[in-house]
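Listing of target_30.pdb; format and content: PDB, C-alpha atoms, pLDDT in the B column.
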ATOM      1  CA  MET A 246      93.578  63.540 135.016  1.00 80.00           C
ATOM      2  CA  LYS A 247      95.742  61.312 137.206  1.00 87.00           C
ATOM      3  CA  ASN A 248      97.979  60.475 134.253  1.00 90.00           C
ATOM      4  CA  ILE A 249      98.434  64.137 133.340  1.00 91.00           C
ATOM      5  CA  ALA A 250      99.193  65.050 136.951  1.00 91.00           C
ATOM      6  CA  ARG A 251     101.846  62.326 137.000  1.00 95.00           C
ATOM      7  CA  ASP A 252     103.302  63.161 133.578  1.00 96.00           C
ATOM      8  CA  PRO A 253     102.028  66.272 131.735  1.00 97.00           C
ATOM      9  CA  ARG A 254     103.606  65.360 128.361  1.00 97.00           C
ATOM     10  CA  VAL A 255     100.935  64.902 125.663  1.00 97.00           C
ATOM     11  CA  ALA A 256     100.613  64.366 121.932  1.00 97.00           C
ATOM     12  CA  VAL A 257      97.676  65.183 119.668  1.00 96.00           C
ATOM     13  CA  ALA A 258      97.376  63.928 116.088  1.00 95.00           C
ATOM     14  CA  ILE A 259      94.743  64.710 113.471  1.00 93.00           C
ATOM     15  CA  ALA A 260      94.544  62.723 110.230  1.00 93.00           C
ATOM     16  CA  ASP A 261      93.001  63.913 106.978  1.00 91.00           C
ATOM     17  CA  PRO A 262      90.049  61.521 106.449  1.00 89.00           C
ATOM     18  CA  THR A 263      90.538  61.645 102.678  1.00 93.00           C
ATOM     19  CA  ALA A 264      94.278  60.895 102.914  1.00 91.00           C
ATOM     20  CA  PRO A 265      95.183  59.239 106.264  1.00 85.00           C
ATOM     21  CA  ALA A 266      98.928  59.453 105.565  1.00 88.00           C
ATOM     22  CA  ARG A 267      98.511  63.242 105.691  1.00 92.00           C
ATOM     23  CA  TYR A 268      98.360  64.393 109.296  1.00 93.00           C
ATOM     24  CA  TRP A 269      99.125  67.144 111.760  1.00 95.00           C
ATOM     25  CA  ALA A 270     100.674  66.372 115.142  1.00 96.00           C
ATOM     26  CA  ALA A 271     101.569  68.439 118.186  1.00 97.00           C
ATOM     27  CA  ARG A 272     103.636  67.372 121.187  1.00 98.00           C
ATOM     28  CA  GLY A 273     104.009  69.357 124.340  1.00 98.00           C
ATOM     29  CA  ILE A 274     103.203  69.856 127.997  1.00 98.00           C
ATOM     30  CA  VAL A 275      99.785  70.466 129.572  1.00 97.00           C
ATOM     31  CA  ALA A 276     100.016  74.056 130.795  1.00 97.00           C
ATOM     32  CA  SER A 277      96.572  74.139 132.458  1.00 95.00           C
ATOM     33  CA  SER A 278      93.366  72.192 132.824  1.00 94.00           C
ATOM     34  CA  THR A 279      89.831  73.109 133.828  1.00 95.00           C
ATOM     35  CA  THR A 280      86.343  71.672 133.853  1.00 93.00           C
ATOM     36  CA  GLN A 281      84.818  75.161 133.526  1.00 96.00           C
ATOM     37  CA  GLY A 282      83.190  75.520 130.122  1.00 94.00           C
ATOM     38  CA  ALA A 283      84.119  71.990 129.047  1.00 92.00           C
ATOM     39  CA  GLU A 284      80.528  70.779 128.598  1.00 89.00           C
ATOM     40  CA  GLU A 285      79.656  73.869 126.571  1.00 91.00           C
ATOM     41  CA  HIS A 286      82.764  73.322 124.440  1.00 93.00           C
ATOM     42  CA  ILE A 287      81.908  69.704 123.522  1.00 89.00           C
ATOM     43  CA  ASP A 288      78.344  70.809 122.684  1.00 90.00           C
ATOM     44  CA  LYS A 289      79.667  73.607 120.452  1.00 94.00           C
ATOM     45  CA  LEU A 290      81.909  71.124 118.615  1.00 92.00           C
ATOM     46  CA  ALA A 291      79.033  68.653 118.253  1.00 92.00           C
ATOM     47  CA  HIS A 292      76.808  71.334 116.727  1.00 93.00           C
ATOM     48  CA  LYS A 293      79.579  72.314 114.319  1.00 94.00           C
ATOM     49  CA  TYR A 294      80.487  68.796 113.181  1.00 89.00           C
ATOM     50  CA  LEU A 295      77.307  66.760 113.850  1.00 91.00           C
ATOM     51  CA  GLY A 296      74.641  69.458 113.523  1.00 94.00           C
ATOM     52  CA  ARG A 297      73.135  68.522 116.896  1.00 91.00           C
ATOM     53  CA  PRO A 298      73.913  68.472 120.640  1.00 86.00           C
ATOM     54  CA  TYR A 299      76.625  66.132 121.902  1.00 85.00           C
ATOM     55  CA  PRO A 300      75.153  62.589 121.933  1.00 82.00           C
ATOM     56  CA  GLN A 301      76.680  61.658 125.333  1.00 75.00           C
ATOM     57  CA  PHE A 302      78.663  58.640 124.171  1.00 71.00           C
ATOM     58  CA  GLY A 303      79.388  56.564 127.272  1.00 63.00           C
ATOM     59  CA  GLY A 304      76.510  57.955 129.337  1.00 65.00           C
ATOM     60  CA  GLN A 305      75.665  61.137 131.204  1.00 70.00           C
ATOM     61  CA  GLN A 306      78.080  60.764 134.141  1.00 77.00           C
ATOM     62  CA  GLN A 307      81.230  62.015 132.441  1.00 81.00           C
ATOM     63  CA  GLU A 308      83.582  64.747 133.534  1.00 86.00           C
ATOM     64  CA  ARG A 309      84.716  66.968 130.654  1.00 89.00           C
ATOM     65  CA  VAL A 310      88.097  68.644 130.905  1.00 93.00           C
ATOM     66  CA  LEU A 311      89.664  71.365 128.745  1.00 95.00           C
ATOM     67  CA  LEU A 312      93.438  71.134 128.453  1.00 96.00           C
ATOM     68  CA  THR A 313      95.730  73.937 127.313  1.00 96.00           C
ATOM     69  CA  ILE A 314      98.888  72.547 125.738  1.00 97.00           C
ATOM     70  CA  SER A 315     102.190  74.358 125.461  1.00 98.00           C
ATOM     71  CA  VAL A 316     103.348  72.990 122.088  1.00 97.00           C
ATOM     72  CA  GLU A 317     107.022  72.060 121.857  1.00 97.00           C
ATOM     73  CA  THR A 318     107.034  70.379 118.448  1.00 97.00           C
ATOM     74  CA  LEU A 319     104.595  70.619 115.556  1.00 96.00           C
ATOM     75  CA  HIS A 320     104.406  68.377 112.516  1.00 95.00           C
ATOM     76  CA  THR A 321     102.519  69.567 109.448  1.00 92.00           C
ATOM     77  CA  PRO A 322     101.986  67.733 106.160  1.00 88.00           C
ATOM     78  CA  ARG A 323     104.492  68.166 103.383  1.00 80.00           C
ATOM     79  CA  ARG A 324     103.254  69.892 100.275  1.00 68.00           C
TER
END

Using C-alpha cells, write down the structure from this file.
Amino acid sequence: MKNIARDPRVAVAIADPTAPARYWAARGIVASSTTQGAEEHIDKLAHKYLGRPYPQFGGQQQERVLLTISVETLHTPRR
C-alpha cells in the first residue's frame, strides 16, 4: 500500500496459458482501495478456480486489499 500511496500508477497483465504470447494488459491509476470484502473476494475466486477455499499461501497473517483501477490504456490480443 505504501507504493500505491506514493505512486498510484499500476499495470495488470493476464496471459493465455495455452498461448503465452496472447495477453491482455491494462494500465491506469488506482482510484480507490479498501480492505472491506477483500478476504471474501479471494475466497470466491479460489472456489471458482481451485474448487476450494483460499489455501492461505504465505500464512494467515496477510492483509487483503481490493483496488479499483481507472484504466487509461487497454491492450487486447490481435485476432

**Message:** Please expand the PyMOL selection byres ((chain A and resi 317-322) around 12) into the concrete residues it hits in this file, giving the result as number ranges by chain.
**Reply:** A: 254-261, 264-276, 314-316, 323-324

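For the pair atom CA of A:Thr279 and atom CA of A:Leu312, the interatomic distance is 6.8 Å.
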
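Interatomic distance, atom CA of A:Ala291 to atom CA of A:Ala250: 27.7 Å.
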
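You will find atom CA of A:His286 at 10.8 Å from atom CA of A:Pro298.
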
Starting from the incomplete input, reconstruct all heavy atoms of stretch 295-306 of chain A and write that as a tab-separated table (two decimals), in the frame of the given file.
chain	number	residue	atom	x	y	z
A	295	LEU	N	78.40	67.73	113.95
A	295	LEU	CA	77.31	66.76	113.85
A	295	LEU	C	75.97	67.42	113.55
A	295	LEU	O	75.01	66.75	113.18
A	295	LEU	CB	77.17	65.96	115.16
A	295	LEU	CG	78.40	65.18	115.61
A	295	LEU	CD1	78.14	64.54	116.98
A	295	LEU	CD2	78.77	64.12	114.58
A	296	GLY	N	75.89	68.74	113.76
A	296	GLY	CA	74.64	69.46	113.52
A	296	GLY	C	73.61	69.23	114.61
A	296	GLY	O	72.43	69.47	114.41
A	297	ARG	N	74.05	68.78	115.78
A	297	ARG	CA	73.14	68.52	116.90
A	297	ARG	C	73.92	68.52	118.21
A	297	ARG	O	75.15	68.54	118.19
A	297	ARG	CB	72.43	67.18	116.71
A	297	ARG	CG	73.37	65.99	116.64
A	297	ARG	CD	72.61	64.72	116.21
A	297	ARG	NE	73.53	63.66	115.89
A	297	ARG	CZ	73.82	62.65	116.71
A	297	ARG	NH1	73.25	62.58	117.90
A	297	ARG	NH2	74.65	61.71	116.35
A	298	PRO	N	73.21	68.49	119.36
A	298	PRO	CA	73.91	68.47	120.64
A	298	PRO	C	74.78	67.21	120.78
A	298	PRO	O	74.55	66.21	120.10
A	298	PRO	CB	72.79	68.46	121.69
A	298	PRO	CG	71.60	68.99	120.98
A	298	PRO	CD	71.76	68.58	119.53
A	299	TYR	N	75.75	67.27	121.67
A	299	TYR	CA	76.62	66.13	121.90
A	299	TYR	C	75.79	64.92	122.33
A	299	TYR	O	74.96	65.02	123.22
A	299	TYR	CB	77.66	66.47	122.97
A	299	TYR	CG	78.63	65.36	123.22
A	299	TYR	CD1	79.55	64.99	122.24
A	299	TYR	CD2	78.63	64.66	124.40
A	299	TYR	CE1	80.44	63.96	122.44
A	299	TYR	CE2	79.52	63.63	124.62
A	299	TYR	CZ	80.42	63.27	123.64
A	299	TYR	OH	81.29	62.24	123.84
A	300	PRO	N	76.00	63.76	121.68
A	300	PRO	CA	75.15	62.59	121.93
A	300	PRO	C	75.47	61.81	123.21
A	300	PRO	O	74.89	60.75	123.44
A	300	PRO	CB	75.37	61.72	120.69
A	300	PRO	CG	76.65	62.15	120.12
A	300	PRO	CD	76.86	63.57	120.51
A	301	GLN	N	76.37	62.30	124.05
A	301	GLN	CA	76.68	61.66	125.33
A	301	GLN	C	77.14	60.21	125.19
A	301	GLN	O	76.67	59.32	125.88
A	301	GLN	CB	75.49	61.74	126.30
A	301	GLN	CG	75.06	63.13	126.66
A	301	GLN	CD	76.13	63.93	127.38
A	301	GLN	OE1	76.95	63.39	128.10
A	301	GLN	NE2	76.15	65.23	127.16
A	302	PHE	N	78.08	59.97	124.30
A	302	PHE	CA	78.66	58.64	124.17
A	302	PHE	C	79.20	58.23	125.54
A	302	PHE	O	79.89	58.99	126.19
A	302	PHE	CB	79.81	58.63	123.15
A	302	PHE	CG	79.39	59.00	121.77
A	302	PHE	CD1	79.86	60.16	121.19
A	302	PHE	CD2	78.53	58.20	121.05
A	302	PHE	CE1	79.49	60.52	119.90
A	302	PHE	CE2	78.14	58.55	119.77
A	302	PHE	CZ	78.62	59.70	119.19
A	303	GLY	N	78.89	57.04	125.98
A	303	GLY	CA	79.39	56.56	127.27
A	303	GLY	C	78.53	56.96	128.46
A	303	GLY	O	78.88	56.67	129.59
A	304	GLY	N	77.41	57.62	128.24
A	304	GLY	CA	76.51	57.96	129.34
A	304	GLY	C	76.63	59.40	129.81
A	304	GLY	O	77.49	60.15	129.36
A	305	GLN	N	75.75	59.76	130.71
A	305	GLN	CA	75.67	61.14	131.20
A	305	GLN	C	76.72	61.47	132.26
A	305	GLN	O	77.08	62.62	132.42
A	305	GLN	CB	74.28	61.40	131.79
A	305	GLN	CG	73.16	61.34	130.78
A	305	GLN	CD	73.06	62.62	129.97
A	305	GLN	OE1	73.93	63.48	129.99
A	305	GLN	NE2	71.98	62.74	129.22
A	306	GLN	N	77.18	60.50	133.01
A	306	GLN	CA	78.08	60.76	134.14
A	306	GLN	C	79.54	60.83	133.71
A	306	GLN	O	80.36	60.01	134.09
A	306	GLN	CB	77.88	59.69	135.21
A	306	GLN	CG	76.49	59.64	135.79
A	306	GLN	CD	76.08	60.97	136.42
A	306	GLN	OE1	76.87	61.62	137.09
A	306	GLN	NE2	74.85	61.39	136.16
